[in-house]
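Enquirer: Structure below; questions to follow.
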Amino acid sequence: MPALLRQPAIVVALGILLLAVLTSGLILFLKRQPAVPTLDLATEIDPGVARAIEDAVARVGEDPLDGRRYGELGLVYSANEFFDLARQCYEIADSLDPGTLDWTYLLAIMAAERGKTGEATRGFQKAIRLDPDYAPAYVHLGDALRSLGELDGAGAAYVQYNRLMPGRPWGWIGLGKIARRQVRFDDAVRHLERAFELEPRYKQTSYLLAVTYRALGRNDDAARQLGHFDTRPETMAMQDPIVEKLRGRATGKYGLLNQAKVLLDGGRLERAEALYRKVLRGHPGEYAALSNLGLVYLRQRRHEEAEAVLLEAVAAQPTGAHARATLSRVYLDTHRPEEAEVHAGSAAEHDPLSYRGHYYLGCALAGQQRPQEALEPLRRALEIAPDFPHAHYTLALCHLVLEQHDKAVAELKEVLRIVPDHAEARARLKQLGEEPTR
């Protein structure tokens, strides 16, 4: 061995250098360039959206191991309603840059929107570990845990939000919902009145207060809150910087669609209709505009116009579950259960997580005096959305027709667990000789 290499310090230094080279090589091997999620070349999209996607893809190509670049591409996809591609981008970004809050948080939100509550819960918990001071994550976590029936954990999450954001109503609303679910109406009023004091413009607070006052026999207070509800057409959204960043990436027609959806969710139906019509003037076959315009008409009880525009949406995208589910509701409202069955069944087939599709299918079968067949789709709807009171109530009615007393009682009690002052469920229980619990 040469004399130089017999020096211990030199040998150690060379060993460290060799280890560093091998480690960096291993890291590069493990972090191979992921495949960039891209649109099918046959997809027709707005030119402005196409340019935004091309620019984001090009930025990924400049540094294909930079997780943030994949995440930015995901934001562009998501803002323009290419949700599956967005989810793929966020997953890659999270794997390359696992310490970044944004991608973990957005994946959790997407899981919640797809009804995957357990996955969403784990995602929001991870997001909170990454940034314990990011307040919106606690509200989402509370909502997910409440959906799973884990009320203690949900309450703790809402309390933590209140500590971080003492001037905002969302944690108090969550605590009010928990108290209502536990039939603690006095506590529910206290929490909801605090939420109303902080933000009197939010419609849901007025509605929840009204039904809680009514359950306590405070009818004048209930009427006052219903008056507030009727005069507040706009919706209020929780301040959420990550979601706001996402909305800012919408381009071209998708920017208009996003604005219209906010108006639709807030009950501002005339303004939403105007924006959907504006989109359709430039893009006559745009599925999202047609489908949601049909929902606007449905809410306005304009059934003929709703049917026409929803049939157009179905023709534009035959596998679209949203339009078919809404169309089935139109047919149910107009006493055409056979046609409702066709479209609700198609909605459930094309999107197995469409709880509305399964629910409307159950309603259509029940409306044709086929209660035994209605049981399965109604149960499927409740597997997806366990706290959907209409499905529990319809299922109870089917059990009653089938003379399944105990099962009907169980479903009616589930209705009251979710909506404690549900008058029809209480009346049915009394008819069955059961005393509703308060």
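How things are named: the first chain in the structure tokens is A, the next is B, and so on; residues count from 1 in each chain; ligands count from 1 in the order shown.
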Just the residues within 9 Å of Arg68 in chain A, please, counting only C-alpha atoms, with nothing from its chain fewer than 5 positions along; format it as a list in words.
Expert: Val60, Leu73, Ala93, Asp94, Leu96, Asp97, Thr100 and Trp103 of chain A
Enquirer: So that I can check the secondary structure, give me every residue of range 39-270 of chain A assigned helix (DSSP H, G or I) by backbone DSSP, as a ChimeraX atom specification.
Expert: /A:47-62,67-79,83-96,101-113,117-130,136-147,151-164,170-181,185-198,203-215,219-230,241-247,253-265,269-270
Enquirer: Pick out the residues sitting within 10 Å of Met165 in chain A, and hand them over as JSON, numbers by chain; count only C-alpha atoms, and ignore anything fewer than 6 positions along from it in its own chain.
Expert: {"A": [133, 134, 135, 136, 159, 171]}
Enquirer: Neighbours of Thr117 in chain A within 8 Å (only C-alpha atoms; same-chain residues fewer than 6 positions away dropped), as a VMD selection string?
Expert: chain A and resid 111 144 147 to 148
Enquirer: Just write the chosen residues, N, CA and C atoms, as a PDB file, in the first residue's frame.
Expert:
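So the final result, stored in again_6.pdb, reads:
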ATOM      1  N   ALA A 111     -59.573  13.713  -1.450  1.00  0.00           N
ATOM      2  CA  ALA A 111     -60.107  12.468  -0.873  1.00  0.00           C
ATOM      3  C   ALA A 111     -61.452  12.720  -0.214  1.00  0.00           C
ATOM      4  N   ALA A 144     -64.276  15.642   8.901  1.00  0.00           N
ATOM      5  CA  ALA A 144     -64.058  14.235   8.536  1.00  0.00           C
ATOM      6  C   ALA A 144     -64.295  13.321   9.734  1.00  0.00           C
ATOM      7  N   SER A 147     -67.951  13.012  10.486  1.00  0.00           N
ATOM      8  CA  SER A 147     -68.600  12.099   9.545  1.00  0.00           C
ATOM      9  C   SER A 147     -68.374  10.646   9.936  1.00  0.00           C
ATOM     10  N   LEU A 148     -67.195  10.362  10.527  1.00  0.00           N
ATOM     11  CA  LEU A 148     -66.885   8.999  10.957  1.00  0.00           C
ATOM     12  C   LEU A 148     -67.470   8.666  12.323  1.00  0.00           C
TER      13      LEU A 148
END
Enquirer: Pick from A:Ala156, A:Leu432, A:Ala56, A:Ala340: nearest to Thr326 in chain A, with only C-alpha atoms counted?
Expert: A:Ala340
Enquirer: Expressed in Å to a single decimal, how great is the separation between CA of Gly227 in chain A and CA of Ile173 in chain A?
Expert: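 It comes out at 19.1 Å.
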Enquirer: Extract, using only C-alpha atoms, all DNA, RNA and protein residues at most 10 Å from His422 in chain A, discarding same-chain residues fewer than 5 positions from it, and format them as a PDB file with N, CA and C atoms, in the first residue's frame.
Expert:
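The resulting file, around.pdb, is reproduced below:
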ATOM      1  N   VAL A 211     -83.535  25.751  13.370  1.00  0.00           N
ATOM      2  CA  VAL A 211     -84.066  24.417  13.683  1.00  0.00           C
ATOM      3  C   VAL A 211     -83.749  24.028  15.124  1.00  0.00           C
ATOM      4  N   ALA A 215     -86.502  23.204  18.082  1.00  0.00           N
ATOM      5  CA  ALA A 215     -86.469  21.996  18.914  1.00  0.00           C
ATOM      6  C   ALA A 215     -86.623  22.330  20.386  1.00  0.00           C
ATOM      7  N   PRO A 389     -79.609  12.063   5.651  1.00  0.00           N
ATOM      8  CA  PRO A 389     -80.865  11.722   6.327  1.00  0.00           C
ATOM      9  C   PRO A 389     -81.972  11.282   5.375  1.00  0.00           C
ATOM     10  N   TYR A 393     -84.363   7.988   5.733  1.00  0.00           N
ATOM     11  CA  TYR A 393     -85.819   8.081   5.842  1.00  0.00           C
ATOM     12  C   TYR A 393     -86.497   7.246   4.753  1.00  0.00           C
ATOM     13  N   LEU A 412     -85.312   5.184  11.269  1.00  0.00           N
ATOM     14  CA  LEU A 412     -85.923   6.433  11.733  1.00  0.00           C
ATOM     15  C   LEU A 412     -85.112   7.056  12.864  1.00  0.00           C
ATOM     16  N   VAL A 415     -82.276   8.859  11.368  1.00  0.00           N
ATOM     17  CA  VAL A 415     -82.690  10.167  10.872  1.00  0.00           C
ATOM     18  C   VAL A 415     -82.649  11.188  12.006  1.00  0.00           C
ATOM     19  N   LEU A 416     -83.194  10.825  13.163  1.00  0.00           N
ATOM     20  CA  LEU A 416     -83.244  11.755  14.297  1.00  0.00           C
ATOM     21  C   LEU A 416     -81.876  11.991  14.913  1.00  0.00           C
ATOM     22  N   ARG A 417     -80.978  11.028  14.778  1.00  0.00           N
ATOM     23  CA  ARG A 417     -79.601  11.261  15.240  1.00  0.00           C
ATOM     24  C   ARG A 417     -78.958  12.385  14.436  1.00  0.00           C
ATOM     25  N   ALA A 427     -92.957  11.518  13.888  1.00  0.00           N
ATOM     26  CA  ALA A 427     -94.349  11.076  13.778  1.00  0.00           C
ATOM     27  C   ALA A 427     -94.424   9.587  13.436  1.00  0.00           C
TER      28      ALA A 427
END
Enquirer: Neighbours of range 181-186 of chain A within 9 Å (only C-alpha atoms; same-chain residues fewer than 6 positions away dropped), as a list in words?
Expert: Thr212, Tyr213, Ala215, Leu216, Leu416, Arg417, Ile418, Val419, Pro420, Thr437 and Arg438 of chain A
Enquirer: What does the structure give for the distance between CA of His191 in chain A and CA of Gly174 in chain A, in Å to one decimal?
Expert: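 These atoms are spaced 8.6 Å apart.
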Enquirer: Tell me which of A:Val279, A:Val296, A:Ala127, A:Ala423 sits closest to Arg214 in chain A, counting only C-alpha atoms.
Expert: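 Looking only at the distances to Arg214 in chain A, the closest residue turns out to be A:Ala423.
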Enquirer: Which of these residues is nearest to Ala374 in chain A, using only C-alpha atoms: A:Arg190, A:His350, A:Lys203, A:His358?
Expert: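 Checking each candidate against Ala374 in chain A, we get A:His358 as the closest.
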Enquirer: Skipping near chain neighbours, those fewer than 2 positions away, what residues fall within 7 Å of Leu353 in chain A using only C-alpha atoms, listed as a VMD selection string?
Expert: chain A and resid 351 355 384
Enquirer: If you keep N, CA and C atoms, can you produce a file of those selected residues as a PDB file, in the first residue's frame?
Expert:
ATOM      1  N   ASP A 351     -70.375   6.298 -12.057  1.00  0.00           N
ATOM      2  CA  ASP A 351     -69.630   6.815 -10.899  1.00  0.00           C
ATOM      3  C   ASP A 351     -70.134   6.091  -9.655  1.00  0.00           C
ATOM      4  N   TYR A 355     -73.354   9.133  -4.509  1.00  0.00           N
ATOM      5  CA  TYR A 355     -74.392   8.747  -3.558  1.00  0.00           C
ATOM      6  C   TYR A 355     -75.760   9.251  -4.024  1.00  0.00           C
ATOM      7  N   ILE A 384     -71.705   5.322   1.207  1.00  0.00           N
ATOM      8  CA  ILE A 384     -70.895   6.430   0.705  1.00  0.00           C
ATOM      9  C   ILE A 384     -71.078   7.673   1.570  1.00  0.00           C
TER      10      ILE A 384
END
Enquirer: Which distance in Å separates CA of Leu85 in chain A and CA of Thr38 in chain A, to one decimal?
Expert: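 Atom-to-atom, CA of Leu85 in chain A and CA of Thr38 in chain A are spaced 7.2 Å apart.
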Enquirer: I'd like to know which of A:Arg301, A:His228, A:Asp220, A:Asn258 is closest to Tyr207 in chain A, using only C-alpha atoms.
Expert: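 Comparing A:Arg301, A:His228, A:Asp220, A:Asn258 against Tyr207 in chain A, the winner is A:His228.
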